[in-house]
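J.: One structure, as structure tokens, below. Some questions next.
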Amino acid sequence: MSAAPKHEQYDVVVIGAGPAGLAATTATARAGLSTLLLDENAGPGGQVWRAIGATPVKNEALLGADYWSGAEIARAARDSGAEIIHRATVWSLDRNLELGVSVGGGSAFIKAKRVIIATGAQERPFPIPGWTLPGVMTAGAAQTMLKSSGLVPDGPTVLAGQGPLLWLLAAQILRLGGRIDRVLDTTPRANYLAALPHAFAFMTSLYFVKGLAMMREVRAKVKVTTGVTELAAAGTDRLESVSYVTAGGRRERLPVELLLLHHGVVPNVNLAMAAGVEHRWNELQLCWTPVLDADGNSSIPGITIAGDGAGIGGAQAALWRGRIAAERAIKALRPTAKVSDLSPQLKRAERGRTFLDVLFRPAKQFRIPDGDTIVCRCEEITAKDVLDSVAIGATGPNQLKAYRRTGMGPCQGRLCGLTVTELMAEARGKSPQEIGYYRLRAPVKPIMLSELASLPKSDEATKAVVRG
Amino acid sequence: MMRDYDVAIVGGGLLGSAIAWGLGRLGQRVAVLDEGDIAKRASRANFALVWVQSKGLGMPAYTGWTVRGAKAWPKLAEELKAQTGLDVVLQQNGGFHLCLGEAEYEQRSQLVARMHNQVGAADYHMEMLTAAAVKKMLPLIGPDVSGGSFCPFDGHVNSLRTFRALHAGMKQFGVDYLPERAVSAIAREGNEFRLTTAQGELRAAKVVLAAGNANQTLAPMVGLSAPMGPTRGQIVVTERTMPFLPHPLTTIRQTDEGTVMIGDSKEDELDDRVQNHPINAVMADRAQRMFPHLARLNVVRSWTGIRVMPKDGFPIYEQSETHPGAFVACCHSGVTLAANHAFEIARMVKDGALAPELVGAFTAKRFADEIGAGGSGYY
Amino acid sequence: MFKRAEDDGRRALTIHVEGQAISAREGDTVSAALLASGLDVRRDTAVSGAKRLPYCMMGVCFDCLVTIDGVGNRQGCLVPVAEGMQIEIQKGKREIGK
């Protein structure tokens with residue numbers, strides 16, 4: 001089922017089969033451009049519509065209408081004439097629009113005239129004490145299992161953090177008969193006031209009514225503790241309890257088997273950064289976002305970024321960004337083609353986003369850890385280790401790699417990069433923009449050495465290596 | 001506010017750090033001026049070999065200097081451990097250069113013979129071993145390995161931990177490490193050097209240029225020269241695997257953490273942002289032919305780095321005649337020679353004069369004549 | 001830790017975890033099947049030997065590393081189960097020849 005790309009060259013290569021990637025693929029393929037959609041997962045949908053068409057959860061009310069809206073989008077992409085390959089890993093992309101693609105244990109290079117990166121988002125790192133213990137997972141992880149395998153928690157379970165996804169997950173778990181003992185809401189009290197000026201736009205947005213209904217649904221069944229200011233997981237070799245400090249300053253502890261963490265999602269930047277796309281620190285969303293024009297064009301000609309990878313905007317905005325990126329590609333490759341202005345639709349989809357960004361901007365103590373809390377899960381490096389390195393001269397994430405190997409493990413900085421940048425910025429009294437980020441390079445996901453070995457070689461390359 | 005120093009060292013990589021650590025150890029007041037997080041840092045891109053075999057073809061003095069450096073490494077490792085608690089995992093039980101196919105074996109044999117014919121190089125004990133002999137020492141080699149050269153003095157070290165230990169040790173010796181201070185100008189006024197940075201001026205009695213390829217532009221400011229011909233190299237690194245490689249190779253080594261580093265290429269390019277994929281393919285292919293079990297390992301990183309490479313491949317150590325107290329040091333083998341830099345060069349800088357019997361051959365004046373076709377300063 | 005939804009109508013298939021047969025469902029990822037099995041499926045990290053379970057389930061964290069059909073360090077959250085699959089829990093660094 002997972003075959004290698006049929007051709008060596010395409011008009012458009014789209015990376016990621018979430019809302020943006022599916023919408024972009026449909027549009028460029030329908031316009032007659034040869035289009036290849038590459039996706040890492042077993043089926044279309046990305047994270048938000050994961051397992052659409054394959055989920056064992058057949059009762060549509062359980063996952064909600066927003067989820068099922070993905071079925072039509074996925075179907076349209078499938079019927080568009082585009083070549084779609086799942087379980088494909090794009091491990092390299094360069095400024096010549098050459099892509100290294102791994103499928104089924106073999107790799108090949110393909111060329112594109114336009115590349116649309118739609119690699120979406122990942123969960124923001126949530127580096128609290130004990131977050132590496134077995135039994136601590138992201139809310140997104142639980143939702144993935146729920147959608148694709150119908151699995152729900154059945155032991156003592158706590159959800160902690162903030163943001164729409166946390167409440168959506170809670171509602172879905174409860175609807176499927178799963179167990180939640182407590183929701184610990186970490187939304188900083190001060191955020192409510194800060195978000196007030198943006199409230200009108202939000203109240204007239206798509207999110208408002210749905211969000212309120214969901215919170216009401218959860219609160220009716222589960223005890224919710226709001227204003228939580230500290231959070232720690234504890235246990236020996238597995239999660240045993242979660243302790244927290246309430247808004248009133250009281251420290252409490254709950255015995256627990258599963259802790260699901262969430263405080264928002266951040267763009268998946270590894271592929272775009274490795275390609276050399278310029279990114280800047282986004283102080284509102286507290287993450288790196290690519291520098292893009294209104295059509296999603298990046299600093300590298302021919303590379304467009306759509307969806308949450310362009311800056312978190314949610315599924316509806318991702319759809320429109322995907323379509324806009326597609327229109328842009330169509331216009332570039334078929335100058336006579338008629339394209340329409342979709343910016344009003346995007347604007348409507350983005351309505352209310354600022355309110356969410358401000359309200360759910362995570363508190364510093366949940367982003368910038370201290371002491372023995374692990375920062376780099378792969379190399380098991382703590383906040384104190386990072387600060388010690390700053391004290392002997394580490395100026396940024398790349399010098400830190402030399403001192404401590406942070407970001408050098410298999411996840412390649414995905415779960416420590418933001419924390420390292422913010423921690424070093426804080427320690428050095430600089431802005432995250434000044435501190436910078438890891439310099440990322442291919443392979444952005446691991447591939448087997450044999451795959452690398454099977455790629456085209458040249459006499460020149462051999463001479464550069466074999467020198468007696 | 002800028003303090004005054006005995007010595008200002010420009011460059012905080014392995015070379016500058018080793019000299020700074022050595023000077024701090026001798027009680028000197030030292031400042032190290034360095035670039036920031038994004039810089040062409042050879043110290044972050046090295047292969048971590050402490051390597052003797054085949055070095056110095058065409059320049060016997062380099063052979064001697066290399067052997068001396070390798071022999072002094074245990075002392076450096078011990079002192080760093082005693083001072084900082086950091087084990088740099090020095091391992092010097094001999095290393096290989098493996099050959100694939102008969103032609104490579106023949107070519108390597110000739111190189112070994114040439115080395116033996118060079119005065120002073122016989123002390124190397126570098127010898128060719130047949131595939132069967134190699135297999136006794138490296139049981140997991142594949143059928144394509146035709147043999148290789150072995151030198152009992154070769155070894156490797158955890159170079160990133162060495163870097164960290166030197167920086168931690170420098171701090172303990174009171175050395176001021178000043179990152180994000182690129183030096184734009186150096187002038188000698190009276191008995192001191194004035195180094196201009198964006199953050200202001202820094203004064204020191206002596207200055208050591210250890211800025212890698214930037215030495216090319218800095219050296220003329222103090223009446224020195226550093227003709228460089230830097231090259232680009234690529235390295236591929238795998239995930240951690242159980243120990244399988246008891247000796248390092250010129251092209252493959254297993255770190256103490258368990259990752260396998262695969263190198264090493266040499267191109268006349270200076271853009272370290274792009275990777276040459278065919279080169280990675282060749283390196284990966286050769287690695288899996290040498291050790292077939294590596295084929296299924298996951299590659300987690302690869303990178304391109306710029307080597308600090310003087311024009312003929314051999315180091316440059318020079319003191320200024322027009323600007324007494326100014327020194328320049330450039331070399332490719334910052335890991336192999338780290339102990340020499342920490343102990344010998346540091347002492348010479350403190351004394352104010354390079355010792356001709358040790359490093360006289362490495363004068364940049366050799367470039368005043370026609371530059372040779374290049375020896376094997378690089379292995 | 002997790003239980004299956006009652007109306008899961010997907011085809012059941014058998015995989016083996018350290019030699020022990022367990023039931024999974026078509027469409028499960030290896031990681032999901034392991035977490036649903038109720039077995040102790042914690043791996044040991046390659047750095048300190050610390051115990052870990054999957055964290056992100058979306059290919060990002062590499063805490064789901066597992067040996068599948070003799071190949072070590074695979075991301076269990078990205079690999080669908082197949083009938084007869086042999087799973088071994090990852091114990092530290094990748095083993096030679098696995």
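Chain labels follow the order of the structure tokens: the first chain is A, the next B, and so on; residue numbering restarts at 1 in every chain, and ligands are counted from 1 in their shown order.
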Any idea which chain A residues end up within 9 Å of chain B if we count only C-alpha atoms, as a PyMOL selection string please?
T.: chain A and resi 94+276+389+391-405+408-412+435-436+439-458+460-468
J.: Produce a file of the selected residues containing N, CA and C atoms, as a compact mmCIF listing (two decimals), in the first residue's frame.
T.:
```txt
# COMPACT_ATOMS: atom_id res chain seq x y z
N ASP A 94 15.45 21.10 0.48
CA ASP A 94 16.43 22.17 0.38
C ASP A 94 15.92 23.31 -0.49
N GLY A 276 15.83 26.00 5.51
CA GLY A 276 16.42 27.34 5.53
C GLY A 276 15.39 28.46 5.55
N SER A 389 25.47 25.56 32.09
CA SER A 389 26.17 25.79 30.83
C SER A 389 26.17 27.27 30.47
N ALA A 391 26.26 29.55 32.57
CA ALA A 391 27.23 30.16 33.48
C ALA A 391 28.67 30.02 32.99
N ILE A 392 28.97 28.97 32.22
CA ILE A 392 30.34 28.85 31.71
C ILE A 392 30.45 29.33 30.27
N GLY A 393 29.39 29.95 29.76
CA GLY A 393 29.55 30.64 28.49
C GLY A 393 28.64 30.26 27.35
N ALA A 394 27.72 29.32 27.54
CA ALA A 394 26.82 28.98 26.43
C ALA A 394 25.92 30.18 26.13
N THR A 395 25.92 30.62 24.90
CA THR A 395 25.14 31.81 24.54
C THR A 395 23.79 31.47 23.93
N GLY A 396 23.69 30.32 23.33
CA GLY A 396 22.44 29.96 22.66
C GLY A 396 22.33 28.46 22.51
N PRO A 397 21.24 28.00 21.88
CA PRO A 397 20.96 26.57 21.78
C PRO A 397 22.07 25.77 21.09
N ASN A 398 22.77 26.38 20.16
CA ASN A 398 23.77 25.60 19.42
C ASN A 398 25.05 25.40 20.23
N GLN A 399 25.46 26.42 20.97
CA GLN A 399 26.58 26.22 21.88
C GLN A 399 26.18 25.24 22.99
N LEU A 400 24.91 25.31 23.39
CA LEU A 400 24.43 24.39 24.43
C LEU A 400 24.54 22.94 23.98
N LYS A 401 24.30 22.70 22.70
CA LYS A 401 24.46 21.35 22.16
C LYS A 401 25.88 20.85 22.42
N ALA A 402 26.85 21.73 22.18
CA ALA A 402 28.24 21.34 22.38
C ALA A 402 28.50 21.02 23.85
N TYR A 403 27.89 21.78 24.73
CA TYR A 403 28.11 21.53 26.15
C TYR A 403 27.32 20.34 26.69
N ARG A 404 26.08 20.18 26.17
CA ARG A 404 25.17 19.26 26.84
C ARG A 404 24.41 18.29 25.94
N ARG A 405 24.61 18.34 24.65
CA ARG A 405 23.93 17.44 23.73
C ARG A 405 22.42 17.66 23.65
N MET A 408 20.14 16.84 20.48
CA MET A 408 20.91 15.97 19.60
C MET A 408 20.37 14.54 19.59
N GLY A 409 19.31 14.30 20.32
CA GLY A 409 18.72 12.96 20.35
C GLY A 409 17.75 12.78 19.19
N PRO A 410 17.03 11.66 19.21
CA PRO A 410 16.15 11.35 18.07
C PRO A 410 15.04 12.36 17.82
N CYS A 411 14.53 13.05 18.84
CA CYS A 411 13.42 13.98 18.57
C CYS A 411 13.92 15.28 17.97
N GLN A 412 15.22 15.46 17.96
CA GLN A 412 15.86 16.59 17.27
C GLN A 412 15.33 17.94 17.72
N ILE A 435 18.22 34.98 21.29
CA ILE A 435 18.85 33.70 21.65
C ILE A 435 18.84 32.74 20.45
N GLY A 436 17.73 32.73 19.73
CA GLY A 436 17.68 31.89 18.53
C GLY A 436 17.29 30.45 18.82
N ARG A 439 20.09 25.07 14.97
CA ARG A 439 20.25 24.97 13.52
C ARG A 439 19.91 23.55 13.13
N LEU A 440 18.85 23.41 12.38
CA LEU A 440 18.36 22.07 12.06
C LEU A 440 18.84 21.67 10.67
N ARG A 441 19.09 20.40 10.53
CA ARG A 441 19.55 19.88 9.24
C ARG A 441 18.91 18.54 8.95
N ALA A 442 18.95 18.17 7.69
CA ALA A 442 18.47 16.84 7.31
C ALA A 442 19.40 15.79 7.93
N PRO A 443 18.90 14.60 8.24
CA PRO A 443 17.50 14.19 8.13
C PRO A 443 16.66 14.76 9.27
N VAL A 444 15.53 15.37 8.96
CA VAL A 444 14.69 15.94 10.02
C VAL A 444 13.92 14.87 10.77
N LYS A 445 13.82 13.67 10.17
CA LYS A 445 13.36 12.50 10.92
C LYS A 445 14.37 11.40 10.61
N PRO A 446 14.59 10.51 11.57
CA PRO A 446 15.60 9.46 11.33
C PRO A 446 15.26 8.60 10.12
N ILE A 447 16.28 8.26 9.36
CA ILE A 447 16.14 7.26 8.30
C ILE A 447 17.26 6.24 8.49
N MET A 448 17.08 5.07 7.91
CA MET A 448 18.10 4.04 8.08
C MET A 448 19.36 4.38 7.29
N LEU A 449 20.48 3.96 7.82
CA LEU A 449 21.74 4.19 7.12
C LEU A 449 21.71 3.57 5.72
N SER A 450 21.07 2.41 5.61
CA SER A 450 21.00 1.75 4.29
C SER A 450 20.23 2.61 3.29
N GLU A 451 19.26 3.37 3.76
CA GLU A 451 18.52 4.26 2.85
C GLU A 451 19.44 5.35 2.32
N LEU A 452 20.20 5.91 3.25
CA LEU A 452 21.14 6.95 2.84
C LEU A 452 22.14 6.36 1.85
N ALA A 453 22.58 5.13 2.13
CA ALA A 453 23.60 4.48 1.30
C ALA A 453 23.10 4.18 -0.10
N SER A 454 21.77 4.04 -0.24
CA SER A 454 21.23 3.64 -1.54
C SER A 454 20.99 4.84 -2.46
N LEU A 455 21.20 6.04 -1.96
CA LEU A 455 20.91 7.23 -2.76
C LEU A 455 21.99 7.45 -3.81
N PRO A 456 21.68 8.24 -4.84
CA PRO A 456 22.64 8.43 -5.93
C PRO A 456 23.99 8.97 -5.44
N LYS A 457 25.04 8.43 -6.02
CA LYS A 457 26.39 8.85 -5.70
C LYS A 457 27.03 9.41 -6.97
N SER A 458 28.19 9.96 -6.83
CA SER A 458 28.89 10.48 -8.01
C SER A 458 30.38 10.22 -7.83
N GLU A 460 32.63 12.36 -8.17
CA GLU A 460 33.12 13.50 -7.41
C GLU A 460 32.95 13.27 -5.90
N ALA A 461 31.76 12.77 -5.55
CA ALA A 461 31.48 12.51 -4.14
C ALA A 461 32.40 11.41 -3.61
N THR A 462 32.62 10.38 -4.42
CA THR A 462 33.51 9.30 -3.99
C THR A 462 34.91 9.83 -3.74
N LYS A 463 35.36 10.71 -4.65
CA LYS A 463 36.70 11.28 -4.49
C LYS A 463 36.80 12.12 -3.23
N ALA A 464 35.70 12.75 -2.85
CA ALA A 464 35.71 13.60 -1.66
C ALA A 464 35.79 12.77 -0.39
N VAL A 465 35.47 11.47 -0.50
CA VAL A 465 35.44 10.62 0.68
C VAL A 465 36.64 9.66 0.70
N VAL A 466 36.93 9.04 -0.42
CA VAL A 466 38.01 8.04 -0.48
C VAL A 466 39.30 8.74 -0.86
N ARG A 467 40.17 8.90 0.12
CA ARG A 467 41.37 9.69 -0.16
C ARG A 467 42.63 8.94 0.26
N GLY A 468 42.56 7.64 0.41
CA GLY A 468 43.74 6.86 0.78
C GLY A 468 44.12 7.07 2.20
```
J.: Residues of range 40-105 of chain A that approach range 19-33 of chain C to 10 Å or less, counting only C-alpha atoms: could you list each one with the shortest pair of atoms and its distance in Å to one decimal, rows by chain and increasing residue number, as CSV?
T.:
```
residue,atom,partner,partner_atom,distance
A:Ala42,CA,C:Gly27,CA,8.6
A:Gly43,CA,C:Gly27,CA,9.8
A:Ala51,CA,C:Gly27,CA,8.6
A:Ala54,CA,C:Gly27,CA,7.3
A:Thr55,CA,C:Gly27,CA,8.1
A:Pro56,CA,C:Gly27,CA,8.8
```
J.: Return as a list in words the residues belonging to chain C that are within 10 Å of chain B, counting only C-alpha atoms.
T.: Ala46, Val47, Val71, Gly72, Asn73, Arg74, Gly92, Lys93, Arg94, Glu95, Ile96, Gly97 and Lys98 of chain C
J.: May I have a table of the residues of chain A lying at most 8 Å from chain C, giving each one's closest pair of atoms and their distance in Å to one decimal, counting only C-alpha atoms, ordered by chain and ascending residue number, as a Markdown table?
T.:
```
| residue | atom | partner | partner_atom | distance |
| --- | --- | --- | --- | --- |
| A:Glu40 | CA | C:Leu78 | CA | 7.7 |
| A:Asn41 | CA | C:Leu78 | CA | 6.4 |
| A:Ala42 | CA | C:Pro80 | CA | 7.4 |
| A:Gln47 | CA | C:Met58 | CA | 7.9 |
| A:Ala54 | CA | C:Gly27 | CA | 7.3 |
| A:Pro56 | CA | C:Asp8 | CA | 5.3 |
| A:Val57 | CA | C:Asp8 | CA | 7.0 |
| A:Arg87 | CA | C:Leu78 | CA | 7.8 |
| A:Gln122 | CA | C:Val60 | CA | 7.5 |
| A:Glu123 | CA | C:Cys56 | CA | 7.8 |
| A:Thr132 | CA | C:Arg52 | CA | 6.7 |
| A:Leu133 | CA | C:Arg52 | CA | 6.1 |
| A:Pro134 | CA | C:Leu53 | CA | 4.7 |
| A:Gly135 | CA | C:Leu53 | CA | 6.7 |
| A:Val136 | CA | C:Tyr55 | CA | 6.6 |
| A:Met137 | CA | C:Tyr55 | CA | 4.3 |
| A:Thr138 | CA | C:Cys56 | CA | 5.5 |
| A:Gly140 | CA | C:Cys56 | CA | 6.7 |
| A:Ala141 | CA | C:Met57 | CA | 4.7 |
| A:Ala142 | CA | C:Met57 | CA | 7.9 |
| A:Thr144 | CA | C:Met57 | CA | 6.8 |
| A:Met145 | CA | C:Ala32 | CA | 6.3 |
| A:Ser148 | CA | C:Asp28 | CA | 6.8 |
| A:Ser149 | CA | C:Asp28 | CA | 5.6 |
| A:Gly150 | CA | C:Ala5 | CA | 5.2 |
| A:Leu151 | CA | C:Arg4 | CA | 4.6 |
| A:Val152 | CA | C:Phe2 | CA | 5.2 |
| A:Pro153 | CA | C:Phe2 | CA | 4.3 |
| A:Asp154 | CA | C:Phe2 | CA | 5.2 |
| A:Gly155 | CA | C:Met1 | CA | 5.2 |
| A:Leu176 | CA | C:Ala5 | CA | 6.7 |
| A:Gly177 | CA | C:Ala5 | CA | 7.8 |
| A:Gly178 | CA | C:Lys3 | CA | 7.9 |
| A:Asp237 | CA | C:Lys51 | CA | 5.6 |
| A:Arg238 | CA | C:Lys51 | CA | 7.4 |
| A:Glu257 | CA | C:Met1 | CA | 6.8 |
| A:Leu258 | CA | C:Met1 | CA | 6.8 |
| A:Cys378 | CA | C:Val47 | CA | 7.8 |
| A:Glu379 | CA | C:Val47 | CA | 6.4 |
| A:Glu380 | CA | C:Val47 | CA | 7.2 |
| A:Pro410 | CA | C:Phe62 | CA | 6.5 |
| A:Cys411 | CA | C:Cys61 | CA | 5.5 |
| A:Arg414 | CA | C:Val60 | CA | 6.7 |
| A:Leu415 | CA | C:Cys61 | CA | 6.6 |
```
J.: Restricting the output to C-alpha atoms, write the selected residues as a short mmCIF file (atom, residue, chain, number, x, y, z; two decimals), in the first residue's frame.
T.:
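Wrote it out as again_24.cif, contents follow:
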```cif
data_model
loop_
_atom_site.label_atom_id
_atom_site.label_comp_id
_atom_site.auth_asym_id
_atom_site.auth_seq_id
_atom_site.Cartn_x
_atom_site.Cartn_y
_atom_site.Cartn_z
CA GLU A 40 3.59 10.42 7.77
CA ASN A 41 0.46 8.79 9.13
CA ALA A 42 -1.44 5.71 8.00
CA GLN A 47 -4.12 15.36 14.01
CA ALA A 54 -11.07 4.50 9.85
CA PRO A 56 -13.95 2.68 15.30
CA VAL A 57 -16.04 5.45 16.90
CA ARG A 87 3.50 6.49 5.88
CA GLN A 122 2.64 19.62 17.80
CA GLU A 123 1.86 19.99 21.47
CA THR A 132 8.93 12.00 31.66
CA LEU A 133 7.34 9.43 34.01
CA PRO A 134 5.41 6.58 32.38
CA GLY A 135 1.78 7.62 32.62
CA VAL A 136 2.30 11.28 31.77
CA MET A 137 1.12 11.95 28.23
CA THR A 138 -0.12 14.80 26.16
CA GLY A 140 -3.23 15.06 22.05
CA ALA A 141 -1.85 11.56 22.64
CA ALA A 142 -5.01 10.54 24.45
CA THR A 144 -5.15 10.19 19.06
CA MET A 145 -5.83 6.91 20.80
CA SER A 148 -7.94 5.95 15.96
CA SER A 149 -8.49 3.07 18.40
CA GLY A 150 -11.49 4.04 20.52
CA LEU A 151 -9.31 3.89 23.64
CA VAL A 152 -10.23 5.91 26.72
CA PRO A 153 -8.69 6.17 30.21
CA ASP A 154 -10.13 3.74 32.73
CA GLY A 155 -7.90 4.30 35.75
CA LEU A 176 -17.08 7.42 25.32
CA GLY A 177 -17.42 6.27 28.92
CA GLY A 178 -13.85 7.02 29.96
CA ASP A 237 9.45 4.47 37.56
CA ARG A 238 5.80 5.28 36.90
CA GLU A 257 -2.27 6.62 37.02
CA LEU A 258 -2.58 8.87 33.98
CA CYS A 378 16.06 12.47 24.78
CA GLU A 379 19.38 13.34 26.41
CA GLU A 380 17.88 13.69 29.91
CA PRO A 410 16.15 11.35 18.07
CA CYS A 411 13.42 13.98 18.57
CA ARG A 414 11.06 19.05 19.03
CA LEU A 415 10.35 18.68 22.73
#
```
J.: Env of range 210-214 of chain A: 9 Å cut, atoms = only C-alpha atoms, seq-sep filter 6 positions within chain, self excluded. Answer as a list in words.
T.: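 After dropping sequence-adjacent residues, the list is Pro164, Trp167, Leu168, Ala170 and Ala171 of chain A.
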J.: Emit the selected residues as a PDB file, in the first residue's frame, including N, CA and C atoms.
T.:
```pdb
ATOM      1  N   PRO A 164      -8.676  25.108  24.360  1.00  0.00           N
ATOM      2  CA  PRO A 164      -9.864  24.427  23.832  1.00  0.00           C
ATOM      3  C   PRO A 164      -9.706  22.915  23.718  1.00  0.00           C
ATOM      4  N   TRP A 167     -10.531  20.823  26.799  1.00  0.00           N
ATOM      5  CA  TRP A 167     -11.957  20.646  27.084  1.00  0.00           C
ATOM      6  C   TRP A 167     -12.612  19.725  26.070  1.00  0.00           C
ATOM      7  N   LEU A 168     -12.200  19.821  24.837  1.00  0.00           N
ATOM      8  CA  LEU A 168     -12.732  18.934  23.806  1.00  0.00           C
ATOM      9  C   LEU A 168     -12.399  17.485  24.147  1.00  0.00           C
ATOM     10  N   ALA A 170     -11.676  16.257  27.087  1.00  0.00           N
ATOM     11  CA  ALA A 170     -12.415  15.845  28.282  1.00  0.00           C
ATOM     12  C   ALA A 170     -13.826  15.427  27.896  1.00  0.00           C
ATOM     13  N   ALA A 171     -14.463  16.239  27.068  1.00  0.00           N
ATOM     14  CA  ALA A 171     -15.839  15.928  26.658  1.00  0.00           C
ATOM     15  C   ALA A 171     -15.882  14.606  25.901  1.00  0.00           C
TER      16      ALA A 171
END
```
J.: Counting only C-alpha atoms, figure out which residue out of A:Ile381, A:Ala121, A:Leu239, A:Val13 gets nearest to Val266 in chain A.
T.: A:Ala121
J.: Take CA of Asp69 in chain C and CA of Gln86 in chain C and report the distance between them in Å, one decimal.
T.: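 About the pair CA of Asp69 in chain C and CA of Gln86 in chain C: they are 4.9 Å apart.
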J.: As number ranges by chain, please: the residues near Ala355 in chain B (cut-off 12 Å, only C-alpha atoms, same-chain neighbours under 4 positions excluded).
T.: B: 317-319, 344-351, 359-363
J.: Mind dumping the selected residues with C-alpha atoms as a PDB file, in the first residue's frame?
T.:
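What ended up in selection.pdb:
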```
ATOM      1  CA  TYR B 317      52.323  28.856  15.076  1.00  0.00           C
ATOM      2  CA  GLU B 318      53.964  32.224  14.661  1.00  0.00           C
ATOM      3  CA  GLN B 319      54.924  35.223  16.715  1.00  0.00           C
ATOM      4  CA  GLU B 344      53.360  23.828  25.453  1.00  0.00           C
ATOM      5  CA  ILE B 345      51.870  26.707  23.497  1.00  0.00           C
ATOM      6  CA  ALA B 346      50.390  28.232  26.655  1.00  0.00           C
ATOM      7  CA  ARG B 347      53.792  28.138  28.337  1.00  0.00           C
ATOM      8  CA  MET B 348      55.472  29.685  25.293  1.00  0.00           C
ATOM      9  CA  VAL B 349      52.915  32.497  25.186  1.00  0.00           C
ATOM     10  CA  LYS B 350      53.464  33.172  28.864  1.00  0.00           C
ATOM     11  CA  ASP B 351      57.226  33.250  28.290  1.00  0.00           C
ATOM     12  CA  VAL B 359      57.331  24.638  16.744  1.00  0.00           C
ATOM     13  CA  GLY B 360      59.925  26.412  14.617  1.00  0.00           C
ATOM     14  CA  ALA B 361      58.951  24.367  11.591  1.00  0.00           C
ATOM     15  CA  PHE B 362      55.410  25.688  11.774  1.00  0.00           C
ATOM     16  CA  THR B 363      56.297  29.271  11.006  1.00  0.00           C
TER      17      THR B 363
END
```
J.: List every residue of chain C that DSSP, applied to the backbone, labels as helix (DSSP H, G or I), and write the result as an MDAnalysis selection string.
T.: chainID C and resid 30:37 76:78
J.: Within 12 Å of Ser69 in chain A, counting only C-alpha atoms, which residues qualify if same-chain residues fewer than 2 places away don't, as a PDB file with C-alpha atoms, in the first residue's frame?
T.:
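Dumped to around.pdb:
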```
ATOM      1  CA  PRO A  19      -6.725  20.279   6.771  1.00  0.00           C
ATOM      2  CA  GLY A  45      -6.716  13.843   8.481  1.00  0.00           C
ATOM      3  CA  VAL A  48      -7.486  17.105  14.038  1.00  0.00           C
ATOM      4  CA  TRP A  49      -9.173  14.589  11.758  1.00  0.00           C
ATOM      5  CA  ARG A  50      -6.990  11.651  12.680  1.00  0.00           C
ATOM      6  CA  ILE A  52     -11.130   9.970   9.584  1.00  0.00           C
ATOM      7  CA  GLY A  53     -12.758   7.137   7.695  1.00  0.00           C
ATOM      8  CA  GLU A  60     -21.063  10.802  15.085  1.00  0.00           C
ATOM      9  CA  LEU A  63     -16.525  12.950  18.240  1.00  0.00           C
ATOM     10  CA  GLY A  64     -18.613  15.940  17.132  1.00  0.00           C
ATOM     11  CA  ALA A  65     -19.509  17.595  13.840  1.00  0.00           C
ATOM     12  CA  ASP A  66     -16.162  19.398  13.511  1.00  0.00           C
ATOM     13  CA  TYR A  67     -14.407  16.067  13.387  1.00  0.00           C
ATOM     14  CA  ALA A  71     -14.461  13.245   5.905  1.00  0.00           C
ATOM     15  CA  GLU A  72     -15.638  15.325   2.961  1.00  0.00           C
ATOM     16  CA  ILE A  73     -12.300  17.188   2.752  1.00  0.00           C
ATOM     17  CA  ALA A  74     -10.350  13.925   2.769  1.00  0.00           C
ATOM     18  CA  ARG A  75     -12.664  12.430   0.166  1.00  0.00           C
ATOM     19  CA  ALA A  76     -12.200  15.437  -2.108  1.00  0.00           C
ATOM     20  CA  ALA A 315      -8.465  23.775  11.450  1.00  0.00           C
ATOM     21  CA  GLN A 316     -10.786  26.203   9.655  1.00  0.00           C
ATOM     22  CA  LEU A 319      -8.248  24.922   5.277  1.00  0.00           C
TER      23      LEU A 319
END
```
J.: Quote the spacing between CA of Glu18 in chain C and CA of Gly49 in chain C in Å to one decimal place.
T.: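 Computing it gives 18.6 Å between the two atoms.
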J.: So which residues touch Leu196 in chain A within 10 Å, counting only C-alpha atoms, skipping near sequence neighbours fewer than 4 positions away, as a list in words?
T.: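 Residues meeting the cut-off are Asn191, Tyr192, Phe200, Phe202, Phe355, Val358 and Leu359 of chain A.
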J.: Please produce an output containing N, CA and C atoms for each residue in the selection, written as a compact mmCIF listing (two decimals), in the first residue's frame.
T.:
```txt
# COMPACT_ATOMS: atom_id res chain seq x y z
N ASN A 191 -4.86 36.43 32.71
CA ASN A 191 -5.13 36.34 31.27
C ASN A 191 -6.56 36.74 30.92
N TYR A 192 -7.50 36.50 31.86
CA TYR A 192 -8.90 36.82 31.56
C TYR A 192 -9.06 38.31 31.31
N PHE A 200 -15.02 40.58 22.15
CA PHE A 200 -16.14 40.76 21.23
C PHE A 200 -15.95 39.94 19.96
N PHE A 202 -14.25 37.35 19.65
CA PHE A 202 -14.37 35.93 19.98
C PHE A 202 -15.83 35.52 20.09
N PHE A 355 -8.14 36.36 20.85
CA PHE A 355 -8.68 36.15 22.19
C PHE A 355 -8.15 34.85 22.79
N VAL A 358 -4.42 35.11 23.69
CA VAL A 358 -4.15 35.89 24.90
C VAL A 358 -4.65 35.14 26.13
N LEU A 359 -5.87 34.61 26.03
CA LEU A 359 -6.44 33.93 27.19
C LEU A 359 -5.63 32.69 27.57
```
